[in-house]
$ cat structure08.pdb   # PDB, C-alpha atoms
MODEL        1
ATOM      1  CA  MET A 245      -3.734 -37.807   9.165  1.00  0.00           C
ATOM      2  CA  THR A 246      -1.221 -38.244   6.348  1.00  0.00           C
ATOM      3  CA  GLY A 247      -0.775 -36.311   3.128  1.00  0.00           C
ATOM      4  CA  ALA A 248      -2.412 -39.160   1.230  1.00  0.00           C
ATOM      5  CA  ASP A 249      -5.669 -38.515   3.107  1.00  0.00           C
ATOM      6  CA  LEU A 250      -6.195 -35.153   1.411  1.00  0.00           C
ATOM      7  CA  ASP A 251      -6.119 -34.348  -2.271  1.00  0.00           C
ATOM      8  CA  ASP A 252      -4.794 -30.929  -3.284  1.00  0.00           C
ATOM      9  CA  ALA A 253      -8.197 -29.238  -3.496  1.00  0.00           C
ATOM     10  CA  ALA A 254      -9.286 -30.589  -0.127  1.00  0.00           C
ATOM     11  CA  LEU A 255      -6.029 -29.417   1.419  1.00  0.00           C
ATOM     12  CA  ALA A 256      -6.456 -25.920  -0.034  1.00  0.00           C
ATOM     13  CA  ALA A 257      -9.990 -25.766   1.346  1.00  0.00           C
ATOM     14  CA  LEU A 258      -8.976 -27.112   4.756  1.00  0.00           C
ATOM     15  CA  ALA A 259      -6.159 -24.589   5.077  1.00  0.00           C
ATOM     16  CA  ALA A 260      -8.369 -21.671   4.052  1.00  0.00           C
ATOM     17  CA  GLU A 261     -11.172 -22.746   6.378  1.00  0.00           C
ATOM     18  CA  HIS A 262      -8.935 -23.279   9.399  1.00  0.00           C
ATOM     19  CA  ALA A 263      -7.160 -19.970   8.878  1.00  0.00           C
ATOM     20  CA  GLY A 264     -10.513 -18.228   8.539  1.00  0.00           C
ATOM     21  CA  GLN A 265     -11.748 -19.709  11.797  1.00  0.00           C
ATOM     22  CA  ARG A 266      -8.581 -18.583  13.554  1.00  0.00           C
ATOM     23  CA  LEU A 267      -9.126 -15.064  12.230  1.00  0.00           C
ATOM     24  CA  LEU A 268     -12.754 -14.954  13.379  1.00  0.00           C
ATOM     25  CA  HIS A 269     -11.825 -16.117  16.874  1.00  0.00           C
ATOM     26  CA  LEU A 270      -8.974 -13.632  17.087  1.00  0.00           C
ATOM     27  CA  ARG A 271     -11.174 -10.706  16.082  1.00  0.00           C
ATOM     28  CA  ALA A 272     -13.954 -11.741  18.463  1.00  0.00           C
ATOM     29  CA  ASP A 273     -11.921 -12.679  21.512  1.00  0.00           C
ATOM     30  CA  SER A 274      -8.766 -10.563  21.379  1.00  0.00           C
ATOM     31  CA  SER A 275      -8.268  -7.198  23.005  1.00  0.00           C
ATOM     32  CA  LEU A 276      -6.179  -6.195  19.985  1.00  0.00           C
ATOM     33  CA  ARG A 277      -7.490  -3.460  17.733  1.00  0.00           C
ATOM     34  CA  GLY A 278      -6.457  -1.669  14.561  1.00  0.00           C
ATOM     35  CA  GLU A 279      -2.981  -2.283  13.182  1.00  0.00           C
ATOM     36  CA  ALA A 280      -2.033  -4.670  16.009  1.00  0.00           C
ATOM     37  CA  LEU A 281      -5.075  -6.834  15.227  1.00  0.00           C
ATOM     38  CA  GLY A 282      -4.212  -6.878  11.535  1.00  0.00           C
ATOM     39  CA  GLN A 283      -0.610  -7.882  12.195  1.00  0.00           C
ATOM     40  CA  ALA A 284      -1.650 -10.653  14.565  1.00  0.00           C
ATOM     41  CA  GLY A 285      -4.210 -11.874  12.044  1.00  0.00           C
ATOM     42  CA  ASP A 286      -1.658 -11.994   9.236  1.00  0.00           C
ATOM     43  CA  GLN A 287       0.822 -13.920  11.374  1.00  0.00           C
ATOM     44  CA  GLN A 288      -1.574 -16.395  12.961  1.00  0.00           C
ATOM     45  CA  ALA A 289      -3.410 -17.232   9.745  1.00  0.00           C
ATOM     46  CA  ASN A 290      -0.087 -17.710   7.988  1.00  0.00           C
ATOM     47  CA  THR A 291       1.074 -20.119  10.704  1.00  0.00           C
ATOM     48  CA  VAL A 292      -2.097 -22.203  10.350  1.00  0.00           C
ATOM     49  CA  ILE A 293      -1.737 -22.486   6.570  1.00  0.00           C
ATOM     50  CA  VAL A 294       2.017 -23.027   6.443  1.00  0.00           C
ATOM     51  CA  ASP A 295       1.895 -25.722   9.128  1.00  0.00           C
ATOM     52  CA  LEU A 296      -0.774 -27.640   7.182  1.00  0.00           C
ATOM     53  CA  LEU A 297       1.054 -27.332   3.862  1.00  0.00           C
ATOM     54  CA  ARG A 298       4.376 -28.392   5.333  1.00  0.00           C
ATOM     55  CA  GLN A 299       2.721 -31.334   7.059  1.00  0.00           C
ATOM     56  CA  HIS A 300       0.881 -32.612   3.991  1.00  0.00           C
ATOM     57  CA  ARG A 301       2.982 -31.371   1.056  1.00  0.00           C
ATOM     58  CA  PRO A 302       6.550 -31.007   2.393  1.00  0.00           C
ATOM     59  CA  ASP A 303       8.106 -31.243  -1.071  1.00  0.00           C
ATOM     60  CA  ASP A 304       6.071 -28.410  -2.616  1.00  0.00           C
ATOM     61  CA  ALA A 305       7.349 -24.848  -2.809  1.00  0.00           C
ATOM     62  CA  LEU A 306       5.550 -21.955  -1.137  1.00  0.00           C
ATOM     63  CA  LEU A 307       5.000 -18.279  -1.874  1.00  0.00           C
ATOM     64  CA  SER A 308       3.215 -16.441   0.942  1.00  0.00           C
ATOM     65  CA  GLU A 309       2.728 -12.756   1.543  1.00  0.00           C
ATOM     66  CA  GLU A 310       3.909 -13.290   5.110  1.00  0.00           C
ATOM     67  CA  LEU A 311       7.159 -15.145   4.353  1.00  0.00           C
ATOM     68  CA  ALA A 312      10.438 -14.051   2.806  1.00  0.00           C
ATOM     69  CA  PRO A 313      10.477 -15.146  -0.850  1.00  0.00           C
ATOM     70  CA  ASP A 314      12.264 -18.429  -1.494  1.00  0.00           C
ATOM     71  CA  PRO A 315      13.902 -18.502  -4.955  1.00  0.00           C
ATOM     72  CA  VAL A 316      13.664 -22.307  -5.033  1.00  0.00           C
ATOM     73  CA  ARG A 317      10.032 -21.901  -6.089  1.00  0.00           C
ATOM     74  CA  LEU A 318      11.172 -20.837  -9.564  1.00  0.00           C
ATOM     75  CA  GLN A 319      12.622 -24.316 -10.138  1.00  0.00           C
ATOM     76  CA  ARG A 320       9.522 -26.149  -8.909  1.00  0.00           C
ATOM     77  CA  SER A 321       6.454 -27.273 -10.836  1.00  0.00           C
ATOM     78  CA  ARG A 322       4.177 -27.249  -7.774  1.00  0.00           C
ATOM     79  CA  VAL A 323       4.003 -24.029  -5.788  1.00  0.00           C
ATOM     80  CA  TRP A 324       1.435 -22.998  -3.183  1.00  0.00           C
ATOM     81  CA  ILE A 325       0.579 -19.303  -3.422  1.00  0.00           C
ATOM     82  CA  VAL A 326      -1.010 -17.996  -0.249  1.00  0.00           C
ATOM     83  CA  ASP A 327      -2.480 -14.805   1.168  1.00  0.00           C
ATOM     84  CA  PRO A 328      -3.369 -15.697   4.761  1.00  0.00           C
ATOM     85  CA  LEU A 329      -5.401 -12.515   5.205  1.00  0.00           C
ATOM     86  CA  ASP A 330      -6.354 -10.613   2.079  1.00  0.00           C
ATOM     87  CA  GLY A 331      -7.895  -7.331   3.156  1.00  0.00           C
ATOM     88  CA  THR A 332      -6.003  -6.777   6.401  1.00  0.00           C
ATOM     89  CA  ARG A 333      -7.270  -3.183   6.532  1.00  0.00           C
ATOM     90  CA  GLU A 334     -10.907  -4.286   6.356  1.00  0.00           C
ATOM     91  CA  TYR A 335     -10.394  -7.115   8.846  1.00  0.00           C
ATOM     92  CA  SER A 336      -8.916  -4.792  11.448  1.00  0.00           C
ATOM     93  CA  GLU A 337     -11.329  -1.854  11.086  1.00  0.00           C
ATOM     94  CA  PRO A 338     -14.151  -1.338  13.595  1.00  0.00           C
ATOM     95  CA  GLY A 339     -17.595  -2.555  12.637  1.00  0.00           C
ATOM     96  CA  ASN A 340     -16.886  -6.204  11.749  1.00  0.00           C
ATOM     97  CA  ARG A 341     -16.496  -5.679   8.024  1.00  0.00           C
ATOM     98  CA  THR A 342     -16.976  -8.764   5.855  1.00  0.00           C
ATOM     99  CA  ASP A 343     -14.862  -7.867   2.784  1.00  0.00           C
ATOM    100  CA  TRP A 344     -11.702  -9.755   3.738  1.00  0.00           C
ATOM    101  CA  ALA A 345     -10.641 -13.239   2.684  1.00  0.00           C
ATOM    102  CA  VAL A 346      -8.183 -16.109   2.926  1.00  0.00           C
ATOM    103  CA  HIS A 347      -6.529 -17.279  -0.307  1.00  0.00           C
ATOM    104  CA  VAL A 348      -4.889 -20.687  -0.740  1.00  0.00           C
ATOM    105  CA  ALA A 349      -3.891 -21.833  -4.227  1.00  0.00           C
ATOM    106  CA  LEU A 350      -1.748 -24.573  -5.678  1.00  0.00           C
ATOM    107  CA  CYS A 351      -0.105 -23.448  -8.894  1.00  0.00           C
ATOM    108  CA  VAL A 352       1.209 -26.163 -11.264  1.00  0.00           C
ATOM    109  CA  ASP A 353       3.506 -25.084 -14.096  1.00  0.00           C
ATOM    110  CA  GLY A 354       2.306 -21.488 -13.819  1.00  0.00           C
ATOM    111  CA  ALA A 355      -1.445 -22.161 -13.777  1.00  0.00           C
ATOM    112  CA  PRO A 356      -3.842 -22.340 -10.799  1.00  0.00           C
ATOM    113  CA  ALA A 357      -4.735 -25.984 -10.172  1.00  0.00           C
ATOM    114  CA  ALA A 358      -6.386 -26.345  -6.744  1.00  0.00           C
ATOM    115  CA  CYS A 359      -7.723 -23.172  -5.160  1.00  0.00           C
ATOM    116  CA  ALA A 360      -9.863 -22.013  -2.268  1.00  0.00           C
ATOM    117  CA  VAL A 361     -11.122 -18.595  -1.247  1.00  0.00           C
ATOM    118  CA  ALA A 362     -12.680 -18.314   2.204  1.00  0.00           C
ATOM    119  CA  LEU A 363     -14.880 -15.386   3.196  1.00  0.00           C
ATOM    120  CA  PRO A 364     -15.070 -16.251   6.891  1.00  0.00           C
ATOM    121  CA  ALA A 365     -17.236 -13.327   7.996  1.00  0.00           C
ATOM    122  CA  LEU A 366     -19.848 -14.410   5.416  1.00  0.00           C
ATOM    123  CA  LYS A 367     -19.450 -18.115   6.253  1.00  0.00           C
ATOM    124  CA  GLN A 368     -18.538 -18.835   2.628  1.00  0.00           C
ATOM    125  CA  LEU A 369     -15.859 -21.150   1.259  1.00  0.00           C
ATOM    126  CA  TRP A 370     -15.395 -21.216  -2.518  1.00  0.00           C
ATOM    127  CA  ARG A 371     -13.477 -24.160  -4.000  1.00  0.00           C
ATOM    128  CA  SER A 372     -12.169 -24.827  -7.484  1.00  0.00           C
ATOM    129  CA  ASP A 373     -13.097 -28.509  -7.218  1.00  0.00           C
ATOM    130  CA  GLN A 374     -16.720 -27.795  -6.304  1.00  0.00           C
ATOM    131  CA  PRO A 375     -17.969 -25.409  -8.975  1.00  0.00           C
ATOM    132  CA  GLY A 376     -21.515 -24.284  -8.406  1.00  0.00           C
ATOM    133  CA  LYS A 377     -23.975 -22.221 -10.338  1.00  0.00           C
ATOM    134  CA  VAL A 378     -22.788 -18.692 -10.988  1.00  0.00           C
ATOM    135  CA  GLY A 379     -25.191 -15.971  -9.897  1.00  0.00           C
ATOM    136  CA  THR A 380     -28.237 -15.272 -12.052  1.00  0.00           C
ATOM    137  CA  ARG A 381     -27.549 -13.416 -15.289  1.00  0.00           C
ATOM    138  CA  TYR A 382     -28.180  -9.706 -14.724  1.00  0.00           C
ATOM    139  CA  SER A 383     -29.956  -7.609 -17.338  1.00  0.00           C
ATOM    140  CA  GLY A 384     -29.430  -4.190 -15.784  1.00  0.00           C
ATOM    141  CA  LYS A 385     -26.473  -1.818 -15.947  1.00  0.00           C
ATOM    142  CA  PRO A 386     -23.204  -3.671 -15.289  1.00  0.00           C
ATOM    143  CA  ARG A 387     -21.905  -3.358 -11.765  1.00  0.00           C
ATOM    144  CA  ILE A 388     -18.121  -3.146 -11.652  1.00  0.00           C
ATOM    145  CA  VAL A 389     -16.196  -4.039  -8.494  1.00  0.00           C
ATOM    146  CA  VAL A 390     -12.949  -2.226  -7.832  1.00  0.00           C
ATOM    147  CA  SER A 391     -10.482  -1.604  -5.040  1.00  0.00           C
ATOM    148  CA  ARG A 392     -12.049   0.128  -2.074  1.00  0.00           C
ATOM    149  CA  THR A 393      -9.053   2.424  -1.542  1.00  0.00           C
ATOM    150  CA  ARG A 394      -7.294   2.516  -4.943  1.00  0.00           C
ATOM    151  CA  PRO A 395      -9.875   2.262  -7.736  1.00  0.00           C
ATOM    152  CA  PRO A 396      -8.044   2.418 -11.079  1.00  0.00           C
ATOM    153  CA  ALA A 397      -8.856   5.331 -13.351  1.00  0.00           C
ATOM    154  CA  VAL A 398      -9.452   2.919 -16.226  1.00  0.00           C
ATOM    155  CA  ALA A 399     -12.279   1.272 -14.264  1.00  0.00           C
ATOM    156  CA  GLU A 400     -13.915   4.611 -13.645  1.00  0.00           C
ATOM    157  CA  ALA A 401     -13.712   5.420 -17.356  1.00  0.00           C
ATOM    158  CA  LEU A 402     -15.033   1.955 -18.250  1.00  0.00           C
ATOM    159  CA  ALA A 403     -17.984   2.355 -15.888  1.00  0.00           C
ATOM    160  CA  LYS A 404     -18.920   5.603 -17.610  1.00  0.00           C
ATOM    161  CA  ARG A 405     -18.780   3.990 -21.047  1.00  0.00           C
ATOM    162  CA  LEU A 406     -20.875   1.023 -19.882  1.00  0.00           C
ATOM    163  CA  ASP A 407     -23.175   3.306 -17.878  1.00  0.00           C
ATOM    164  CA  GLY A 408     -22.811   1.165 -14.761  1.00  0.00           C
ATOM    165  CA  PRO A 409     -21.938   1.825 -11.115  1.00  0.00           C
ATOM    166  CA  LEU A 410     -18.648   1.166  -9.383  1.00  0.00           C
ATOM    167  CA  LEU A 411     -18.777  -0.969  -6.239  1.00  0.00           C
ATOM    168  CA  ARG A 412     -15.812  -0.487  -3.906  1.00  0.00           C
ATOM    169  CA  ILE A 413     -14.863  -3.632  -1.976  1.00  0.00           C
ATOM    170  CA  GLY A 414     -11.774  -4.453   0.069  1.00  0.00           C
ATOM    171  CA  SER A 415     -10.210  -7.860  -0.577  1.00  0.00           C
ATOM    172  CA  ALA A 416      -9.475  -9.117  -4.087  1.00  0.00           C
ATOM    173  CA  GLY A 417     -11.060 -12.409  -3.086  1.00  0.00           C
ATOM    174  CA  ALA A 418     -14.173 -10.624  -1.843  1.00  0.00           C
ATOM    175  CA  LYS A 419     -14.417  -8.739  -5.155  1.00  0.00           C
ATOM    176  CA  ALA A 420     -14.029 -11.849  -7.303  1.00  0.00           C
ATOM    177  CA  MET A 421     -16.535 -13.818  -5.228  1.00  0.00           C
ATOM    178  CA  ALA A 422     -19.030 -10.936  -5.535  1.00  0.00           C
ATOM    179  CA  VAL A 423     -18.977 -11.598  -9.282  1.00  0.00           C
ATOM    180  CA  LEU A 424     -19.433 -15.333  -8.680  1.00  0.00           C
ATOM    181  CA  ARG A 425     -22.435 -14.692  -6.439  1.00  0.00           C
ATOM    182  CA  GLY A 426     -24.010 -12.471  -9.074  1.00  0.00           C
ATOM    183  CA  ASP A 427     -23.639  -9.297  -7.020  1.00  0.00           C
ATOM    184  CA  ALA A 428     -21.543  -7.717  -9.811  1.00  0.00           C
ATOM    185  CA  GLU A 429     -20.760  -8.323 -13.472  1.00  0.00           C
ATOM    186  CA  LEU A 430     -17.086  -7.372 -13.676  1.00  0.00           C
ATOM    187  CA  TYR A 431     -14.035  -7.132 -11.487  1.00  0.00           C
ATOM    188  CA  VAL A 432     -11.524  -4.720 -12.984  1.00  0.00           C
ATOM    189  CA  HIS A 433      -8.034  -4.182 -11.607  1.00  0.00           C
ATOM    190  CA  GLN A 434      -4.946  -2.414 -12.851  1.00  0.00           C
ATOM    191  CA  GLY A 435      -1.621  -1.971 -11.069  1.00  0.00           C
ATOM    192  CA  GLY A 436      -0.106  -3.088  -7.790  1.00  0.00           C
ATOM    193  CA  MET A 437      -1.504  -6.607  -7.412  1.00  0.00           C
ATOM    194  CA  ASN A 438       0.658  -9.453  -6.157  1.00  0.00           C
ATOM    195  CA  GLU A 439       0.210 -13.076  -7.155  1.00  0.00           C
ATOM    196  CA  TRP A 440      -1.036 -14.020  -3.684  1.00  0.00           C
ATOM    197  CA  ASP A 441      -3.842 -11.487  -4.178  1.00  0.00           C
ATOM    198  CA  SER A 442      -4.926 -12.907  -7.521  1.00  0.00           C
ATOM    199  CA  CYS A 443      -4.041 -16.612  -7.845  1.00  0.00           C
ATOM    200  CA  ALA A 444      -6.746 -18.232  -5.712  1.00  0.00           C
ATOM    201  CA  PRO A 445      -9.540 -15.892  -6.912  1.00  0.00           C
ATOM    202  CA  VAL A 446      -8.548 -16.487 -10.542  1.00  0.00           C
ATOM    203  CA  GLY A 447      -8.478 -20.260 -10.050  1.00  0.00           C
ATOM    204  CA  VAL A 448     -11.877 -20.346  -8.354  1.00  0.00           C
ATOM    205  CA  ALA A 449     -13.429 -18.006 -10.931  1.00  0.00           C
ATOM    206  CA  LEU A 450     -12.166 -20.101 -13.846  1.00  0.00           C
ATOM    207  CA  ALA A 451     -13.432 -23.306 -12.261  1.00  0.00           C
ATOM    208  CA  HIS A 452     -16.899 -21.776 -11.947  1.00  0.00           C
ATOM    209  CA  GLY A 453     -17.020 -20.911 -15.627  1.00  0.00           C
ATOM    210  CA  LEU A 454     -16.133 -17.234 -15.495  1.00  0.00           C
ATOM    211  CA  VAL A 455     -13.467 -15.609 -17.628  1.00  0.00           C
ATOM    212  CA  ALA A 456     -10.375 -14.442 -15.721  1.00  0.00           C
ATOM    213  CA  CYS A 457      -7.664 -12.896 -17.872  1.00  0.00           C
ATOM    214  CA  ARG A 458      -5.326 -10.000 -18.452  1.00  0.00           C
ATOM    215  CA  PHE A 459      -6.580  -6.887 -20.253  1.00  0.00           C
ATOM    216  CA  ASP A 460      -5.140  -8.258 -23.518  1.00  0.00           C
ATOM    217  CA  GLY A 461      -7.097 -11.492 -23.114  1.00  0.00           C
ATOM    218  CA  THR A 462      -4.136 -13.684 -22.218  1.00  0.00           C
ATOM    219  CA  ALA A 463      -4.219 -16.085 -19.295  1.00  0.00           C
ATOM    220  CA  CYS A 464      -2.838 -15.004 -15.942  1.00  0.00           C
ATOM    221  CA  ARG A 465       0.453 -16.773 -15.241  1.00  0.00           C
ATOM    222  CA  PHE A 466       1.776 -17.414 -11.764  1.00  0.00           C
ATOM    223  CA  ASN A 467       5.008 -18.263  -9.958  1.00  0.00           C
ATOM    224  CA  GLN A 468       6.804 -15.640 -12.007  1.00  0.00           C
ATOM    225  CA  ALA A 469      10.193 -14.218 -11.029  1.00  0.00           C
ATOM    226  CA  GLU A 470       8.425 -10.914 -10.374  1.00  0.00           C
ATOM    227  CA  PRO A 471       5.210 -12.177  -8.715  1.00  0.00           C
ATOM    228  CA  LYS A 472       2.824  -9.513  -9.965  1.00  0.00           C
ATOM    229  CA  THR A 473      -0.508  -9.428 -11.799  1.00  0.00           C
ATOM    230  CA  PRO A 474      -0.408  -6.029 -13.548  1.00  0.00           C
ATOM    231  CA  ASP A 475      -4.043  -6.065 -14.684  1.00  0.00           C
ATOM    232  CA  LEU A 476      -7.032  -8.365 -14.363  1.00  0.00           C
ATOM    233  CA  LEU A 477     -10.580  -8.861 -15.607  1.00  0.00           C
ATOM    234  CA  ILE A 478     -13.006 -11.340 -14.055  1.00  0.00           C
ATOM    235  CA  GLY A 479     -16.585 -11.771 -15.231  1.00  0.00           C
ATOM    236  CA  ARG A 480     -18.963 -13.545 -17.571  1.00  0.00           C
ATOM    237  CA  ALA A 481     -17.580 -13.904 -21.074  1.00  0.00           C
ATOM    238  CA  GLU A 482     -19.947 -11.349 -22.605  1.00  0.00           C
ATOM    239  CA  TRP A 483     -18.983  -8.611 -20.145  1.00  0.00           C
ATOM    240  CA  VAL A 484     -15.267  -9.336 -20.353  1.00  0.00           C
ATOM    241  CA  GLU A 485     -15.498  -9.118 -24.157  1.00  0.00           C
ATOM    242  CA  ARG A 486     -17.307  -5.777 -23.965  1.00  0.00           C
ATOM    243  CA  ALA A 487     -14.767  -4.432 -21.498  1.00  0.00           C
ATOM    244  CA  ARG A 488     -11.807  -5.585 -23.582  1.00  0.00           C
ATOM    245  CA  ALA A 489     -13.278  -3.933 -26.682  1.00  0.00           C
ATOM    246  CA  LEU A 490     -13.464  -0.613 -24.828  1.00  0.00           C
ATOM    247  CA  LEU A 491     -10.217  -0.696 -22.855  1.00  0.00           C
ATOM    248  CA  PRO A 492      -7.836   0.368 -25.673  1.00  0.00           C
ATOM    249  CA  SER A 493      -9.761   3.628 -26.083  1.00  0.00           C
ATOM    250  CA  LEU A 494      -9.792   4.520 -22.385  1.00  0.00           C
TER     251      LEU A 494
ENDMDL
END
$ encode --input "structure08.pdb" --output "structure tokens"
Amino acid sequence: MTGADLDDAALAALAAEHAGQRLLHLRADSSLRGEALGQAGDQQANTVIVDLLRQHRPDDALLSEELAPDPVRLQRSRVWIVDPLDGTREYSEPGNRTDWAVHVALCVDGAPAACAVALPALKQLWRSDQPGKVGTRYSGKPRIVVSRTRPPAVAEALAKRLDGPLLRIGSAGAKAMAVLRGDAELYVHQGGMNEWDSCAPVGVALAHGLVACRFDGTACRFNQAEPKTPDLLIGRAEWVERARALLPSL
């Protein structure tokens, strides 16, 4: 198979799916547990994705959580931004948790262009080139998804003002896809997020018609010299607008 056989979106999906399958097999068949399982998962999933990208898009730059940063990416228009295993903690915990993901995103001139988020334990693959119907509009109190281990104080304050519950979920991809499925109305994050955590979920969310933006309403930009996403809102337009109206007072 040559690079011409796969367009960018298909390649992103293929890489995410193959890495997800490797992770499922590793967790099911390996004697590794805990931190050792997480480390092996990170490394093996990264190898699957990097090998595919280098085979099919050898001239593109790459930013992966599991590789040393290559400054050449800052001079390139096309950059793949990858988190081979987002939610390593959840993946490696006992009990076969499902809130971990694989993120593969092509960023072109700072914007997500072809993105895939795999939730292998749920047998779900979300693609930016195959937007489906977002979950049914919810008329109850807004459910807000936040980090399972580091929920931001601003989200807790926002939940009180909106009179809605906080849902704590592991992976950033799992949180964003919960909003897409209609299991939550808002994903709120502040502080400590890297571009490989956010790029693919943002690209998939935007393609499905959700709003994904910074707290000030500006678009998320990627392949920055400091690859961070300081804050993030993902949700239907009406909930993002309500949240943004309240955030300055929190």
$ residues_around --input "structure08.pdb" --residues "Thr393 of chain A" --least-positions-apart "2" --cutoff "12 Å" --atoms "all atoms listed in the file" --output "PyMOL selection string"
chain A and resi 331+333-334+389-391+395-396+411-416
$ residues_near_point --input "structure08.pdb" --point "(-3.3, -4.8, 16.9)" --cutoff "12 Å" --atoms "all atoms listed in the file" --output "PyMOL selection string"
chain A and resi 270-271+274-287+332-333+335-338
$ atom_distance --input "structure08.pdb" --atom1 "atom CA of Ile388 of chain A" --atom2 "atom CA of Phe466 of chain A"
24.5 Å
$ residues_around --input "structure08.pdb" --residues "Leu250 of chain A" --least-positions-apart "5" --cutoff "10 Å" --atoms "only C-alpha atoms" --output "mmCIF file with C-alpha atoms, keeping the file's coordinate frame"
data_model
loop_
_atom_site.group_PDB
_atom_site.id
_atom_site.type_symbol
_atom_site.label_atom_id
_atom_site.label_comp_id
_atom_site.auth_asym_id
_atom_site.auth_seq_id
_atom_site.Cartn_x
_atom_site.Cartn_y
_atom_site.Cartn_z
ATOM 1 C CA MET A 245 -3.734 -37.807 9.165
ATOM 2 C CA LEU A 255 -6.029 -29.417 1.419
ATOM 3 C CA ALA A 256 -6.456 -25.920 -0.034
ATOM 4 C CA LEU A 258 -8.976 -27.112 4.756
ATOM 5 C CA HIS A 300 0.881 -32.612 3.991
ATOM 6 C CA ARG A 301 2.982 -31.371 1.056
#
$ atom_distance --input "structure08.pdb" --atom1 "atom CA of Lys377 of chain A" --atom2 "atom CA of Ala422 of chain A"
13.2 Å
$ build_atoms --input "structure08.pdb" --residues "segment 321-336 of chain A" --atoms "N, CA and C atoms" --output "PDB file, in the frame of the given file"
ATOM      1  N   SER A 321       7.707 -27.219 -10.088  1.00  0.00           N
ATOM      2  CA  SER A 321       6.454 -27.273 -10.836  1.00  0.00           C
ATOM      3  C   SER A 321       5.269 -26.929  -9.954  1.00  0.00           C
ATOM      4  N   ARG A 322       5.295 -27.430  -8.708  1.00  0.00           N
ATOM      5  CA  ARG A 322       4.177 -27.249  -7.774  1.00  0.00           C
ATOM      6  C   ARG A 322       4.530 -26.190  -6.736  1.00  0.00           C
ATOM      7  N   VAL A 323       3.751 -25.136  -6.717  1.00  0.00           N
ATOM      8  CA  VAL A 323       4.003 -24.029  -5.788  1.00  0.00           C
ATOM      9  C   VAL A 323       2.674 -23.589  -5.187  1.00  0.00           C
ATOM     10  N   TRP A 324       2.602 -23.541  -3.873  1.00  0.00           N
ATOM     11  CA  TRP A 324       1.435 -22.998  -3.183  1.00  0.00           C
ATOM     12  C   TRP A 324       1.587 -21.487  -3.060  1.00  0.00           C
ATOM     13  N   ILE A 325       0.563 -20.766  -3.462  1.00  0.00           N
ATOM     14  CA  ILE A 325       0.579 -19.303  -3.422  1.00  0.00           C
ATOM     15  C   ILE A 325      -0.526 -18.869  -2.466  1.00  0.00           C
ATOM     16  N   VAL A 326      -0.138 -18.170  -1.411  1.00  0.00           N
ATOM     17  CA  VAL A 326      -1.010 -17.996  -0.249  1.00  0.00           C
ATOM     18  C   VAL A 326      -1.069 -16.533   0.188  1.00  0.00           C
ATOM     19  N   ASP A 327      -2.281 -16.058   0.437  1.00  0.00           N
ATOM     20  CA  ASP A 327      -2.480 -14.805   1.168  1.00  0.00           C
ATOM     21  C   ASP A 327      -3.299 -15.156   2.400  1.00  0.00           C
ATOM     22  N   PRO A 328      -2.656 -15.247   3.565  1.00  0.00           N
ATOM     23  CA  PRO A 328      -3.369 -15.697   4.761  1.00  0.00           C
ATOM     24  C   PRO A 328      -4.496 -14.768   5.192  1.00  0.00           C
ATOM     25  N   LEU A 329      -4.352 -13.479   4.884  1.00  0.00           N
ATOM     26  CA  LEU A 329      -5.401 -12.515   5.205  1.00  0.00           C
ATOM     27  C   LEU A 329      -5.385 -11.435   4.132  1.00  0.00           C
ATOM     28  N   ASP A 330      -6.239 -11.588   3.159  1.00  0.00           N
ATOM     29  CA  ASP A 330      -6.354 -10.613   2.079  1.00  0.00           C
ATOM     30  C   ASP A 330      -7.419  -9.597   2.479  1.00  0.00           C
ATOM     31  N   GLY A 331      -6.997  -8.354   2.628  1.00  0.00           N
ATOM     32  CA  GLY A 331      -7.895  -7.331   3.156  1.00  0.00           C
ATOM     33  C   GLY A 331      -7.638  -7.078   4.630  1.00  0.00           C
ATOM     34  N   THR A 332      -6.358  -6.997   4.997  1.00  0.00           N
ATOM     35  CA  THR A 332      -6.003  -6.777   6.401  1.00  0.00           C
ATOM     36  C   THR A 332      -6.634  -5.494   6.933  1.00  0.00           C
ATOM     37  N   ARG A 333      -6.674  -4.455   6.114  1.00  0.00           N
ATOM     38  CA  ARG A 333      -7.270  -3.183   6.532  1.00  0.00           C
ATOM     39  C   ARG A 333      -8.733  -3.388   6.939  1.00  0.00           C
ATOM     40  N   GLU A 334      -9.479  -4.086   6.081  1.00  0.00           N
ATOM     41  CA  GLU A 334     -10.907  -4.286   6.356  1.00  0.00           C
ATOM     42  C   GLU A 334     -11.118  -5.189   7.573  1.00  0.00           C
ATOM     43  N   TYR A 335     -10.291  -6.203   7.706  1.00  0.00           N
ATOM     44  CA  TYR A 335     -10.394  -7.115   8.846  1.00  0.00           C
ATOM     45  C   TYR A 335     -10.214  -6.377  10.168  1.00  0.00           C
ATOM     46  N   SER A 336      -9.286  -5.424  10.182  1.00  0.00           N
ATOM     47  CA  SER A 336      -8.916  -4.792  11.448  1.00  0.00           C
ATOM     48  C   SER A 336      -9.687  -3.509  11.743  1.00  0.00           C
TER      49      SER A 336
END
